[in-house]
file structure30.tsv (TSV, C-alpha atoms and all ligand atoms)
chain	number	residue	atom	x	y	z
A	1	MET	CA	-57.78	-57.62	-9.67
A	2	SER	CA	-55.39	-54.86	-8.48
A	3	ASP	CA	-53.05	-53.29	-11.02
A	4	ILE	CA	-49.32	-53.49	-10.49
A	5	VAL	CA	-48.06	-50.14	-9.21
A	6	THR	CA	-44.43	-49.09	-9.23
A	7	VAL	CA	-43.14	-45.83	-7.73
A	8	LYS	CA	-39.58	-44.81	-8.45
A	9	THR	CA	-39.22	-41.23	-7.17
A	10	HIS	CA	-40.59	-39.04	-4.38
A	11	GLU	CA	-42.19	-36.86	-7.03
A	12	GLU	CA	-44.06	-39.89	-8.36
A	13	LEU	CA	-45.09	-40.78	-4.82
A	14	LEU	CA	-46.44	-37.29	-4.17
A	15	ASN	CA	-48.38	-37.31	-7.45
A	16	LEU	CA	-49.94	-40.75	-7.00
A	17	ASP	CA	-53.59	-40.80	-5.87
A	18	LEU	CA	-52.67	-43.14	-3.06
A	19	GLN	CA	-55.85	-42.60	-1.13
A	20	SER	CA	-58.12	-43.72	-4.02
A	21	LEU	CA	-55.86	-46.66	-4.68
A	22	ILE	CA	-55.97	-47.79	-1.06
A	23	ARG	CA	-59.70	-47.33	-0.85
A	24	LYS	CA	-60.35	-49.28	-4.10
A	25	ASN	CA	-58.06	-52.13	-3.01
A	26	PHE	CA	-59.60	-52.13	0.48
A	27	ILE	CA	-63.13	-52.59	-0.92
A	28	GLU	CA	-62.04	-55.31	-3.35
A	29	ALA	CA	-59.88	-57.18	-0.84
A	30	THR	CA	-62.64	-57.06	1.78
A	31	GLU	CA	-65.14	-58.45	-0.72
A	32	ALA	CA	-62.67	-61.19	-1.64
A	33	GLY	CA	-62.29	-62.09	2.04
A	34	LYS	CA	-58.58	-61.20	2.01
A	35	VAL	CA	-58.99	-58.25	4.36
A	36	ILE	CA	-60.80	-59.24	7.50
A	37	TYR	CA	-62.32	-56.10	8.90
A	38	THR	CA	-64.51	-56.64	11.91
A	39	LYS	CA	-66.40	-53.62	13.09
A	40	ALA	CA	-66.53	-53.11	16.84
A	41	ASN	CA	-69.33	-54.86	18.75
A	42	ASP	CA	-69.51	-51.78	20.94
A	43	THR	CA	-67.70	-48.43	21.18
A	44	ILE	CA	-67.43	-46.27	24.27
A	45	ILE	CA	-66.00	-42.76	24.45
A	46	ILE	CA	-64.16	-42.05	27.68
A	47	ASP	CA	-63.44	-38.38	28.27
A	48	LYS	CA	-61.73	-37.42	31.49
A	49	GLY	CA	-60.66	-34.01	30.20
A	50	ASN	CA	-56.98	-34.67	29.48
A	51	LEU	CA	-57.25	-37.36	26.77
A	52	THR	CA	-60.40	-38.40	24.98
A	53	CYS	CA	-60.29	-42.13	24.46
A	54	GLU	CA	-62.26	-44.45	22.21
A	55	LEU	CA	-62.67	-47.93	23.67
A	56	LYS	CA	-63.71	-50.49	21.05
A	57	ILE	CA	-64.91	-53.91	22.07
A	58	ILE	CA	-64.07	-56.41	19.31
A	59	ASN	CA	-64.89	-60.01	20.20
A	60	SER	CA	-62.89	-61.45	17.28
A	61	LEU	CA	-59.70	-60.06	18.87
A	62	VAL	CA	-59.59	-63.18	21.06
A	63	LYS	CA	-59.04	-65.34	17.96
A	64	LYS	CA	-56.50	-62.91	16.47
A	65	GLU	CA	-54.51	-62.90	19.73
A	66	GLU	CA	-54.58	-66.71	19.89
A	67	ASP	CA	-53.33	-66.95	16.28
A	68	THR	CA	-50.55	-64.44	16.95
A	69	GLU	CA	-49.57	-66.34	20.12
A	70	LYS	CA	-49.45	-69.66	18.19
A	71	GLN	CA	-47.39	-68.03	15.46
A	72	SER	CA	-44.92	-66.47	17.89
A	73	GLN	CA	-44.41	-69.83	19.61
A	74	LYS	CA	-43.22	-71.22	16.27
A	75	ILE	CA	-40.99	-68.21	15.68
A	76	ASP	CA	-38.08	-69.07	17.91
A	77	LYS	CA	-35.43	-68.96	15.22
A	78	LEU	CA	-34.71	-66.46	12.45
A	79	GLU	CA	-35.45	-69.02	9.72
A	80	ASN	CA	-38.90	-69.56	11.25
A	81	VAL	CA	-39.49	-65.80	11.38
A	82	GLN	CA	-39.04	-65.76	7.63
A	83	LYS	CA	-41.12	-68.90	7.10
A	84	PHE	CA	-44.11	-67.35	8.86
A	85	ASP	CA	-43.47	-63.81	7.60
A	86	PRO	CA	-46.80	-62.41	6.26
A	87	PHE	CA	-45.13	-59.46	4.50
A	88	LEU	CA	-42.60	-61.40	2.41
A	89	ASN	CA	-45.08	-62.96	-0.04
A	90	PRO	CA	-48.33	-61.20	0.79
A	91	ASP	CA	-51.70	-62.06	-0.75
A	92	LYS	CA	-51.78	-60.16	-4.05
A	93	GLU	CA	-55.10	-58.56	-3.09
A	94	LEU	CA	-53.33	-56.78	-0.22
A	95	VAL	CA	-50.65	-55.18	-2.38
A	96	VAL	CA	-51.26	-51.48	-3.10
A	97	VAL	CA	-47.76	-50.54	-4.33
A	98	ASP	CA	-45.58	-53.49	-5.38
A	99	ASP	CA	-42.41	-51.57	-5.72
A	100	LEU	CA	-41.66	-48.35	-3.86
A	101	PHE	CA	-38.12	-47.07	-4.48
A	102	SER	CA	-37.11	-50.71	-5.13
A	103	ASN	CA	-36.94	-51.40	-1.37
A	104	TYR	CA	-40.49	-51.13	-0.03
A	105	LYS	CA	-44.08	-52.17	-0.58
A	106	ILE	CA	-47.36	-50.67	0.53
A	107	LEU	CA	-49.82	-53.31	1.75
A	108	LEU	CA	-53.29	-53.28	3.21
A	109	ASN	CA	-53.43	-54.46	6.79
A	110	LYS	CA	-55.10	-57.88	6.70
A	111	PHE	CA	-56.76	-57.29	10.08
A	112	PRO	CA	-57.44	-53.55	10.02
A	113	VAL	CA	-58.46	-51.61	13.08
A	114	SER	CA	-60.31	-49.16	10.81
A	115	GLU	CA	-61.05	-48.84	7.07
A	116	ASN	CA	-58.03	-48.23	4.84
A	117	HIS	CA	-55.49	-49.17	7.55
A	118	PHE	CA	-52.28	-49.82	5.59
A	119	LEU	CA	-48.61	-50.66	6.01
A	120	LEU	CA	-45.27	-49.61	4.59
A	121	VAL	CA	-43.04	-52.71	4.69
A	122	THR	CA	-39.53	-53.46	3.52
A	123	LYS	CA	-39.42	-55.66	0.43
A	124	ASN	CA	-36.89	-58.03	1.93
A	125	PHE	CA	-36.83	-59.14	5.54
A	126	VAL	CA	-35.39	-56.43	7.81
A	127	LYS	CA	-35.82	-56.74	11.59
A	128	GLN	CA	-38.48	-54.53	13.15
A	129	ASP	CA	-36.06	-53.67	15.95
A	130	THR	CA	-33.98	-51.35	13.78
A	131	LEU	CA	-34.08	-47.56	13.60
A	132	LEU	CA	-36.11	-45.73	10.98
A	133	SER	CA	-33.67	-44.56	8.32
A	134	PRO	CA	-33.60	-41.02	6.84
A	135	SER	CA	-35.15	-42.26	3.60
A	136	GLU	CA	-37.85	-44.17	5.51
A	137	LEU	CA	-38.74	-41.02	7.45
A	138	THR	CA	-39.04	-39.04	4.20
A	139	CYS	CA	-41.13	-41.79	2.69
A	140	ILE	CA	-43.48	-41.81	5.72
A	141	PHE	CA	-43.76	-38.02	5.59
A	142	ASN	CA	-44.54	-38.01	1.86
A	143	ILE	CA	-47.20	-40.70	2.27
A	144	LEU	CA	-48.82	-38.60	5.02
A	145	GLN	CA	-48.58	-35.46	2.92
A	146	ASN	CA	-50.05	-37.24	-0.07
A	147	VAL	CA	-53.08	-38.70	1.74
A	148	ASN	CA	-53.73	-35.78	4.09
A	149	GLY	CA	-53.23	-33.25	1.31
A	150	ARG	CA	-56.09	-34.78	-0.65
A	151	LYS	CA	-58.65	-35.27	2.09
A	152	ASN	CA	-61.39	-35.73	-0.48
A	153	ASP	CA	-62.49	-38.97	1.06
A	154	LYS	CA	-65.13	-38.85	3.77
A	155	GLU	CA	-63.71	-41.95	5.44
A	156	ASN	CA	-60.39	-40.22	6.08
A	157	GLU	CA	-61.91	-36.87	6.95
A	158	GLY	CA	-59.77	-36.18	9.98
A	159	GLY	CA	-56.61	-37.38	8.22
A	160	ILE	CA	-54.19	-40.20	8.95
A	161	PHE	CA	-51.09	-40.65	11.13
A	162	ALA	CA	-48.17	-43.09	11.04
A	163	PHE	CA	-46.88	-45.31	13.84
A	164	PHE	CA	-44.01	-47.67	14.50
A	165	ASN	CA	-43.96	-50.10	17.43
A	166	ASN	CA	-40.39	-50.97	18.39
A	167	GLY	CA	-39.06	-53.25	21.14
A	168	PRO	CA	-40.52	-56.16	23.12
A	169	ALA	CA	-42.83	-54.03	25.29
A	170	SER	CA	-44.11	-51.85	22.45
A	171	GLY	CA	-47.03	-54.07	21.46
A	172	PHE	CA	-45.69	-55.21	18.08
A	173	SER	CA	-46.49	-58.66	16.69
A	174	GLN	CA	-44.61	-58.92	13.36
A	175	GLN	CA	-40.83	-59.00	13.22
A	176	HIS	CA	-40.56	-57.88	9.59
A	177	LYS	CA	-40.00	-54.10	9.49
A	178	HIS	CA	-43.27	-52.22	9.05
A	179	VAL	CA	-44.77	-48.80	9.68
A	180	GLN	CA	-48.55	-48.46	9.92
A	181	PHE	CA	-50.92	-45.74	8.71
A	182	MET	CA	-54.38	-45.24	10.10
A	183	LYS	CA	-57.03	-42.58	10.49
A	184	TYR	CA	-57.24	-40.85	13.87
A	185	PRO	CA	-59.37	-42.66	16.40
A	186	LEU	CA	-61.79	-39.83	17.01
A	187	LYS	CA	-63.24	-38.17	13.92
A	188	GLU	CA	-64.13	-34.89	15.45
A	189	SER	CA	-61.06	-33.92	17.44
A	190	LYS	CA	-57.44	-33.37	16.47
A	191	PRO	CA	-54.97	-35.66	18.24
A	192	PHE	CA	-53.47	-34.05	21.34
A	193	PRO	CA	-49.92	-33.52	19.93
A	194	ASP	CA	-51.44	-31.16	17.34
A	195	TYR	CA	-52.56	-28.89	20.19
A	196	VAL	CA	-49.18	-29.24	21.93
A	197	VAL	CA	-47.27	-27.99	18.86
A	198	GLU	CA	-49.81	-25.27	17.95
A	199	GLY	CA	-48.00	-21.95	17.55
A	200	LYS	CA	-44.57	-23.59	18.13
A	201	GLU	CA	-41.73	-23.24	15.68
A	202	PHE	CA	-39.55	-26.15	14.59
A	203	PHE	CA	-36.49	-26.66	16.82
A	204	ILE	CA	-33.84	-29.28	17.40
A	205	PRO	CA	-33.21	-30.08	21.07
A	206	ASP	CA	-29.77	-29.15	22.34
A	207	ALA	CA	-28.63	-30.84	25.56
A	208	ARG	CA	-26.97	-27.58	26.68
A	209	TYR	CA	-30.17	-25.53	26.68
A	210	PRO	CA	-33.18	-26.53	28.83
A	211	ASP	CA	-35.61	-24.47	26.77
A	212	THR	CA	-34.99	-26.72	23.80
A	213	ASP	CA	-36.36	-29.82	25.51
A	214	PRO	CA	-39.03	-31.78	23.62
A	215	LEU	CA	-42.60	-30.73	24.43
A	216	PHE	CA	-45.21	-32.69	26.37
A	217	LYS	CA	-48.77	-32.40	27.64
A	218	SER	CA	-48.42	-32.00	31.37
A	219	ASP	CA	-51.84	-33.29	32.43
A	220	LEU	CA	-51.30	-36.71	30.87
A	221	SER	CA	-50.24	-39.64	33.03
A	222	PHE	CA	-47.56	-41.15	30.78
A	223	LYS	CA	-44.06	-40.05	29.76
A	224	HIS	CA	-43.84	-38.81	26.18
A	225	PHE	CA	-41.69	-36.48	24.10
A	226	ILE	CA	-43.02	-34.37	21.20
A	227	LEU	CA	-41.23	-32.28	18.58
A	228	PRO	CA	-42.89	-29.84	16.16
A	229	LEU	CA	-41.92	-30.32	12.51
A	230	PRO	CA	-41.10	-27.51	10.04
A	231	LYS	CA	-44.11	-25.97	8.29
A	232	LYS	CA	-42.27	-26.28	4.99
A	233	PHE	CA	-39.04	-27.62	3.56
A	234	GLU	CA	-36.86	-25.96	0.93
A	235	SER	CA	-35.99	-29.26	-0.75
A	236	GLU	CA	-36.36	-33.04	-0.40
A	237	GLN	CA	-32.77	-33.05	0.86
A	238	GLU	CA	-33.62	-30.61	3.65
A	239	LYS	CA	-36.77	-32.60	4.48
A	240	GLN	CA	-34.72	-35.77	4.89
A	241	GLU	CA	-32.14	-34.04	7.08
A	242	LEU	CA	-34.58	-32.27	9.41
A	243	LEU	CA	-36.86	-35.29	9.84
A	244	SER	CA	-33.80	-37.40	10.66
A	245	PHE	CA	-32.45	-34.88	13.19
A	246	SER	CA	-35.84	-34.77	14.94
A	247	PHE	CA	-36.19	-38.55	15.04
A	248	ILE	CA	-32.64	-39.03	16.33
A	249	GLU	CA	-33.16	-36.43	19.08
A	250	LEU	CA	-36.31	-38.23	20.22
A	251	PHE	CA	-34.51	-41.55	20.10
A	252	LYS	CA	-31.65	-40.08	22.20
A	253	LYS	CA	-34.28	-39.16	24.80
A	254	ILE	CA	-35.38	-42.80	24.85
A	255	LEU	CA	-31.79	-44.05	25.21
A	256	ASN	CA	-31.11	-41.67	28.07
A	257	PHE	CA	-34.42	-42.50	29.72
A	258	PHE	CA	-33.73	-46.25	29.71
A	259	LYS	CA	-30.13	-45.70	30.77
A	260	LYS	CA	-31.35	-43.84	33.84
A	261	ILE	CA	-34.26	-46.16	34.60
A	262	ASN	CA	-31.91	-49.12	34.49
A	263	ALA	CA	-29.36	-47.36	36.68
A	264	GLU	CA	-32.01	-46.89	39.39
A	265	THR	CA	-32.00	-49.64	41.93
A	266	ASN	CA	-35.40	-49.11	43.50
A	267	ASP	CA	-37.86	-51.98	43.75
A	268	ASP	CA	-40.11	-50.86	40.93
A	269	TYR	CA	-37.42	-51.09	38.29
A	270	LYS	CA	-34.97	-53.65	39.61
A	271	ASP	CA	-34.39	-55.59	36.39
A	272	ASP	CA	-32.85	-54.07	33.31
A	273	LEU	CA	-35.62	-53.15	30.95
A	274	PRO	CA	-35.01	-53.58	27.22
A	275	ILE	CA	-35.48	-50.46	25.11
A	276	SER	CA	-39.05	-50.29	23.82
A	277	TYR	CA	-40.96	-47.37	22.42
A	278	ASN	CA	-43.86	-46.27	20.26
A	279	PHE	CA	-43.13	-43.68	17.60
A	280	LEU	CA	-45.98	-41.70	16.07
A	281	MET	CA	-46.05	-38.86	13.56
A	282	ASN	CA	-48.09	-36.72	11.20
A	283	GLU	CA	-46.93	-33.75	9.10
A	284	ASN	CA	-46.96	-31.43	12.14
A	285	TRP	CA	-45.19	-33.43	14.85
A	286	MET	CA	-43.30	-36.52	15.92
A	287	MET	CA	-43.90	-38.19	19.29
A	288	ILE	CA	-42.08	-40.97	21.11
A	289	VAL	CA	-43.38	-42.90	24.14
A	290	PRO	CA	-41.07	-45.16	26.21
A	291	ARG	CA	-42.72	-48.49	27.08
A	292	GLN	CA	-42.26	-51.08	29.81
A	293	LYS	CA	-45.24	-53.44	29.25
A	294	SER	CA	-47.02	-54.58	26.09
A	295	HIS	CA	-50.14	-55.63	28.04
A	296	TYR	CA	-52.03	-54.17	30.96
A	297	LYS	CA	-52.60	-56.82	33.66
A	298	GLU	CA	-51.63	-59.45	31.05
A	299	THR	CA	-54.91	-58.99	29.22
A	300	LEU	CA	-55.25	-55.66	27.41
A	301	GLY	CA	-52.74	-55.23	24.57
A	302	VAL	CA	-51.56	-51.63	24.16
A	303	ASN	CA	-49.58	-50.36	21.19
A	304	ALA	CA	-48.91	-46.90	19.72
A	305	VAL	CA	-52.57	-46.18	18.97
A	306	GLY	CA	-53.38	-46.43	22.68
A	307	TYR	CA	-51.29	-43.31	23.20
A	308	LEU	CA	-53.50	-41.36	20.79
A	309	GLY	CA	-56.59	-42.60	22.62
A	310	LEU	CA	-57.66	-45.87	21.01
A	311	LEU	CA	-57.97	-49.01	23.12
A	312	LEU	CA	-59.23	-52.34	21.85
A	313	ALA	CA	-60.85	-54.71	24.32
A	314	LYS	CA	-61.48	-58.34	23.40
A	315	ASN	CA	-64.45	-58.97	25.72
A	316	GLN	CA	-66.74	-57.60	28.38
A	317	GLU	CA	-64.26	-58.45	31.14
A	318	THR	CA	-61.49	-56.36	29.53
A	319	LYS	CA	-63.94	-53.53	28.91
A	320	ASP	CA	-64.92	-53.56	32.60
A	321	LEU	CA	-61.23	-53.54	33.55
A	322	VAL	CA	-60.62	-50.41	31.42
A	323	LEU	CA	-63.63	-48.66	32.91
A	324	LYS	CA	-62.64	-49.63	36.45
A	325	ASP	CA	-58.90	-48.86	36.34
A	326	GLY	CA	-59.11	-45.92	33.93
A	327	VAL	CA	-57.18	-44.93	30.83
A	328	ASP	CA	-54.61	-42.82	32.74
A	329	GLU	CA	-53.59	-45.76	34.91
A	330	ILE	CA	-53.40	-48.16	31.94
A	331	LEU	CA	-51.25	-45.88	29.78
A	332	LYS	CA	-48.96	-44.99	32.68
A	333	THR	CA	-48.46	-48.64	33.71
A	334	CYS	CA	-47.69	-49.79	30.14
A	335	GLY	CA	-45.50	-46.71	29.62
A	336	PHE	CA	-43.88	-44.76	32.48
A	337	PRO	CA	-45.25	-42.10	34.83
A	338	ILE	CA	-44.92	-38.61	33.39
A	339	GLN	CA	-43.40	-37.40	36.66
A	340	LEU	CA	-40.30	-39.54	36.12
A	341	ASP	CA	-37.76	-36.93	35.15
A	342	PHE	CA	-34.06	-37.41	35.61
A	343	GLY	CA	-33.00	-33.95	34.45
A	344	LYS	CA	-30.22	-33.49	31.95
A	345	GLU	CA	-27.37	-34.43	34.20
A	346	ASP	CA	-25.36	-37.39	32.89
A	347	GLU	CA	-27.29	-37.46	29.66
A	348	TYR	CA	-25.24	-38.96	26.89
A	349	ASP	CA	-25.09	-36.93	23.72
A	350	TYR	CA	-24.58	-40.14	21.73
A	401	LIG	P1	-47.71	-54.97	14.87
A	401	LIG	O1	-48.68	-55.79	15.65
A	401	LIG	O2	-47.48	-53.60	15.37
A	401	LIG	O3	-46.41	-55.72	14.64
A	401	LIG	O4	-48.34	-54.76	13.42
A	401	LIG	C1	-48.46	-55.81	12.50
A	401	LIG	C2	-49.74	-55.62	11.73
A	401	LIG	O5	-49.74	-56.54	10.64
A	401	LIG	C3	-50.99	-55.90	12.54
A	401	LIG	O6	-51.78	-54.73	12.61
A	401	LIG	C4	-51.68	-57.03	11.79
A	401	LIG	O7	-53.08	-56.83	11.70
A	401	LIG	C5	-51.06	-56.97	10.43
A	401	LIG	N1	-51.00	-58.28	9.75
A	401	LIG	C6	-50.87	-59.50	10.33
A	401	LIG	N2	-50.85	-60.47	9.37
A	401	LIG	C7	-50.93	-59.83	8.18
A	401	LIG	C8	-50.94	-60.27	6.82
A	401	LIG	N3	-50.88	-61.55	6.50
A	401	LIG	N4	-51.02	-59.33	5.85
A	401	LIG	C9	-51.10	-58.01	6.16
A	401	LIG	N5	-51.12	-57.54	7.42
A	401	LIG	C10	-51.04	-58.44	8.41
call {"tool": "encode", "arguments": {"input": "structure30.tsv", "output": "structure tokens"}}
result
Amino acid sequence: MSDIVTVKTHEELLNLDLQSLIRKNFIEATEAGKVIYTKANDTIIIDKGNLTCELKIINSLVKKEEDTEKQSQKIDKLENVQKFDPFLNPDKELVVVDDLFSNYKILLNKFPVSENHFLLVTKNFVKQDTLLSPSELTCIFNILQNVNGRKNDKENEGGIFAFFNNGPASGFSQQHKHVQFMKYPLKESKPFPDYVVEGKEFFIPDARYPDTDPLFKSDLSFKHFILPLPKKFESEQEKQELLSFSFIELFKKILNFFKKINAETNDDYKDDLPISYNFLMNENWMMIVPRQKSHYKETLGVNAVGYLGLLLAKNQETKDLVLKDGVDEILKTCGFPIQLDFGKEDEYDY
């Protein structure tokens, strides 16, 4: 059985061998049937030059989607959200850290997309549709630094990243606040934002200066904003401040983007779209992707991992759809076209 782990300070978090702990718990929980990890029935690599994508076909996804659908039908009221909340009283086999700074837990994902897929969740119920706080950002960063700094585990060779799905079109399924950690989809290559920030210094966007706009990869089809993070921080205090500034600047981009989209009256965007985004980060960058649809053609669910090149198809039909329509079209339709640029005029500084 797993030991009870308590972490009180960031120093303790950085010194903990989190990776070994996660791996040990993952093996034990899988053997006990508490983690249900289904390897892909088939994997296809799609490489069109701009974004290498791994398409996994996982037949058991049909059942998982049906269960999630049934659960969300029951969750019409806040009290029901809490009744069906899987993170409030999780199976003990899934708990990696019971008490993190008194407010959080680290849990294994019960239905992992890859080995050692884990979650940072709030101890008490907090709505997913809230912003990441400065201390949450520091906590995410320190978890990444901890695991990626120790890459002694073959399974995590390429390192891990964090992601946060926020808003109705972001592809999230659980309303209890959670951030996920997973290894990169493709073992061999670095994720594209690492190349985008290569050789770039940390900066904070300033609405008055165009050359401080967030970065992007121009040959991709979907709108996204990337900021490079500092190579080192002088103190935990500085880390918290700079991570928060970066996150807030990216979030301001999202607010302005939706403000302008919703002000447009053309046929494509006639109804007001609720704010939805995927947030992703590692120790080198943060990226935010505005979203308008959680599913492509009502069948292929897309969340943050799609925007780093991992798509999960539930059957042959969905696989054929991906191959026919193409990754660029899917990511653009679920997000927004990269060409949509409203300039800086009328941007709120919030
Ligand atoms: P999202 O779909 O982005 O809201 O992420 C929620 C994650 O929680 C999914 O990846 C699920 O696999 C995972 N999950 C669902 N039920 C449980 C559970 N009982 N314990 C741990 N993780 C779960």
call {"tool": "residues_around", "arguments": {"input": "structure30.tsv", "residues": "stretch 177-194 of chain A", "least_positions_apart": "2", "cutoff": "8 Å", "atoms": "only C-alpha atoms", "output": "VMD selection string"}}
result
chain A and resid 51 53 to 54 114 116 to 122 125 to 130 156 to 165 174 to 175 196 to 198 217 226 284 to 285 287 308 to 310
call {"tool": "write_last_selection", "arguments": {"input": "structure30.tsv", "atoms": "C-alpha atoms", "output": "CSV table (one decimal), in the frame of the given file"}}
result
chain,number,residue,atom,x,y,z
A,51,LEU,CA,-57.2,-37.4,26.8
A,53,CYS,CA,-60.3,-42.1,24.5
A,54,GLU,CA,-62.3,-44.4,22.2
A,114,SER,CA,-60.3,-49.2,10.8
A,116,ASN,CA,-58.0,-48.2,4.8
A,117,HIS,CA,-55.5,-49.2,7.6
A,118,PHE,CA,-52.3,-49.8,5.6
A,119,LEU,CA,-48.6,-50.7,6.0
A,120,LEU,CA,-45.3,-49.6,4.6
A,121,VAL,CA,-43.0,-52.7,4.7
A,122,THR,CA,-39.5,-53.5,3.5
A,125,PHE,CA,-36.8,-59.1,5.5
A,126,VAL,CA,-35.4,-56.4,7.8
A,127,LYS,CA,-35.8,-56.7,11.6
A,128,GLN,CA,-38.5,-54.5,13.2
A,129,ASP,CA,-36.1,-53.7,16.0
A,130,THR,CA,-34.0,-51.4,13.8
A,156,ASN,CA,-60.4,-40.2,6.1
A,157,GLU,CA,-61.9,-36.9,7.0
A,158,GLY,CA,-59.8,-36.2,10.0
A,159,GLY,CA,-56.6,-37.4,8.2
A,160,ILE,CA,-54.2,-40.2,9.0
A,161,PHE,CA,-51.1,-40.6,11.1
A,162,ALA,CA,-48.2,-43.1,11.0
A,163,PHE,CA,-46.9,-45.3,13.8
A,164,PHE,CA,-44.0,-47.7,14.5
A,165,ASN,CA,-44.0,-50.1,17.4
A,174,GLN,CA,-44.6,-58.9,13.4
A,175,GLN,CA,-40.8,-59.0,13.2
A,196,VAL,CA,-49.2,-29.2,21.9
A,197,VAL,CA,-47.3,-28.0,18.9
A,198,GLU,CA,-49.8,-25.3,18.0
A,217,LYS,CA,-48.8,-32.4,27.6
A,226,ILE,CA,-43.0,-34.4,21.2
A,284,ASN,CA,-47.0,-31.4,12.1
A,285,TRP,CA,-45.2,-33.4,14.8
A,287,MET,CA,-43.9,-38.2,19.3
A,308,LEU,CA,-53.5,-41.4,20.8
A,309,GLY,CA,-56.6,-42.6,22.6
A,310,LEU,CA,-57.7,-45.9,21.0
call {"tool": "closest_residue", "arguments": {"input": "structure30.tsv", "among": "A:Asp3, A:Asp98, A:Phe203, A:Val305", "to": "ligand LIG 401 (chain A)", "atoms": "only C-alpha atoms and all ligand atoms"}}
result
A:Val305
call {"tool": "residues_near_ligand", "arguments": {"input": "structure30.tsv", "ligand": "ligand LIG 401 (chain A)", "cutoff": "10 Å", "atoms": "only C-alpha atoms and all ligand atoms", "output": "PDB file with C-alpha atoms, keeping the file's coordinate frame"}}
result
ATOM      1  CA  LYS A  34     -58.580 -61.200   2.010  1.00  0.00           C
ATOM      2  CA  VAL A  35     -58.990 -58.250   4.360  1.00  0.00           C
ATOM      3  CA  ILE A  36     -60.800 -59.240   7.500  1.00  0.00           C
ATOM      4  CA  TYR A  37     -62.320 -56.100   8.900  1.00  0.00           C
ATOM      5  CA  LYS A  64     -56.500 -62.910  16.470  1.00  0.00           C
ATOM      6  CA  ASP A  67     -53.330 -66.950  16.280  1.00  0.00           C
ATOM      7  CA  THR A  68     -50.550 -64.440  16.950  1.00  0.00           C
ATOM      8  CA  PHE A  84     -44.110 -67.350   8.860  1.00  0.00           C
ATOM      9  CA  ASP A  85     -43.470 -63.810   7.600  1.00  0.00           C
ATOM     10  CA  PRO A  86     -46.800 -62.410   6.260  1.00  0.00           C
ATOM     11  CA  PHE A  87     -45.130 -59.460   4.500  1.00  0.00           C
ATOM     12  CA  LEU A  88     -42.600 -61.400   2.410  1.00  0.00           C
ATOM     13  CA  ASN A  89     -45.080 -62.960  -0.040  1.00  0.00           C
ATOM     14  CA  PRO A  90     -48.330 -61.200   0.790  1.00  0.00           C
ATOM     15  CA  ASP A  91     -51.700 -62.060  -0.750  1.00  0.00           C
ATOM     16  CA  LYS A  92     -51.780 -60.160  -4.050  1.00  0.00           C
ATOM     17  CA  GLU A  93     -55.100 -58.560  -3.090  1.00  0.00           C
ATOM     18  CA  LEU A  94     -53.330 -56.780  -0.220  1.00  0.00           C
ATOM     19  CA  VAL A  95     -50.650 -55.180  -2.380  1.00  0.00           C
ATOM     20  CA  ILE A 106     -47.360 -50.670   0.530  1.00  0.00           C
ATOM     21  CA  LEU A 107     -49.820 -53.310   1.750  1.00  0.00           C
ATOM     22  CA  LEU A 108     -53.290 -53.280   3.210  1.00  0.00           C
ATOM     23  CA  ASN A 109     -53.430 -54.460   6.790  1.00  0.00           C
ATOM     24  CA  LYS A 110     -55.100 -57.880   6.700  1.00  0.00           C
ATOM     25  CA  PHE A 111     -56.760 -57.290  10.080  1.00  0.00           C
ATOM     26  CA  PRO A 112     -57.440 -53.550  10.020  1.00  0.00           C
ATOM     27  CA  VAL A 113     -58.460 -51.610  13.080  1.00  0.00           C
ATOM     28  CA  HIS A 117     -55.490 -49.170   7.550  1.00  0.00           C
ATOM     29  CA  PHE A 118     -52.280 -49.820   5.590  1.00  0.00           C
ATOM     30  CA  LEU A 119     -48.610 -50.660   6.010  1.00  0.00           C
ATOM     31  CA  VAL A 121     -43.040 -52.710   4.690  1.00  0.00           C
ATOM     32  CA  GLN A 128     -38.480 -54.530  13.150  1.00  0.00           C
ATOM     33  CA  PHE A 163     -46.880 -45.310  13.840  1.00  0.00           C
ATOM     34  CA  PHE A 164     -44.010 -47.670  14.500  1.00  0.00           C
ATOM     35  CA  ASN A 165     -43.960 -50.100  17.430  1.00  0.00           C
ATOM     36  CA  ASN A 166     -40.390 -50.970  18.390  1.00  0.00           C
ATOM     37  CA  SER A 170     -44.110 -51.850  22.450  1.00  0.00           C
ATOM     38  CA  GLY A 171     -47.030 -54.070  21.460  1.00  0.00           C
ATOM     39  CA  PHE A 172     -45.690 -55.210  18.080  1.00  0.00           C
ATOM     40  CA  SER A 173     -46.490 -58.660  16.690  1.00  0.00           C
ATOM     41  CA  GLN A 174     -44.610 -58.920  13.360  1.00  0.00           C
ATOM     42  CA  GLN A 175     -40.830 -59.000  13.220  1.00  0.00           C
ATOM     43  CA  HIS A 176     -40.560 -57.880   9.590  1.00  0.00           C
ATOM     44  CA  LYS A 177     -40.000 -54.100   9.490  1.00  0.00           C
ATOM     45  CA  HIS A 178     -43.270 -52.220   9.050  1.00  0.00           C
ATOM     46  CA  VAL A 179     -44.770 -48.800   9.680  1.00  0.00           C
ATOM     47  CA  GLN A 180     -48.550 -48.460   9.920  1.00  0.00           C
ATOM     48  CA  PHE A 181     -50.920 -45.740   8.710  1.00  0.00           C
ATOM     49  CA  ASN A 278     -43.860 -46.270  20.260  1.00  0.00           C
ATOM     50  CA  GLY A 301     -52.740 -55.230  24.570  1.00  0.00           C
ATOM     51  CA  VAL A 302     -51.560 -51.630  24.160  1.00  0.00           C
ATOM     52  CA  ASN A 303     -49.580 -50.360  21.190  1.00  0.00           C
ATOM     53  CA  ALA A 304     -48.910 -46.900  19.720  1.00  0.00           C
ATOM     54  CA  VAL A 305     -52.570 -46.180  18.970  1.00  0.00           C
TER      55      VAL A 305
END
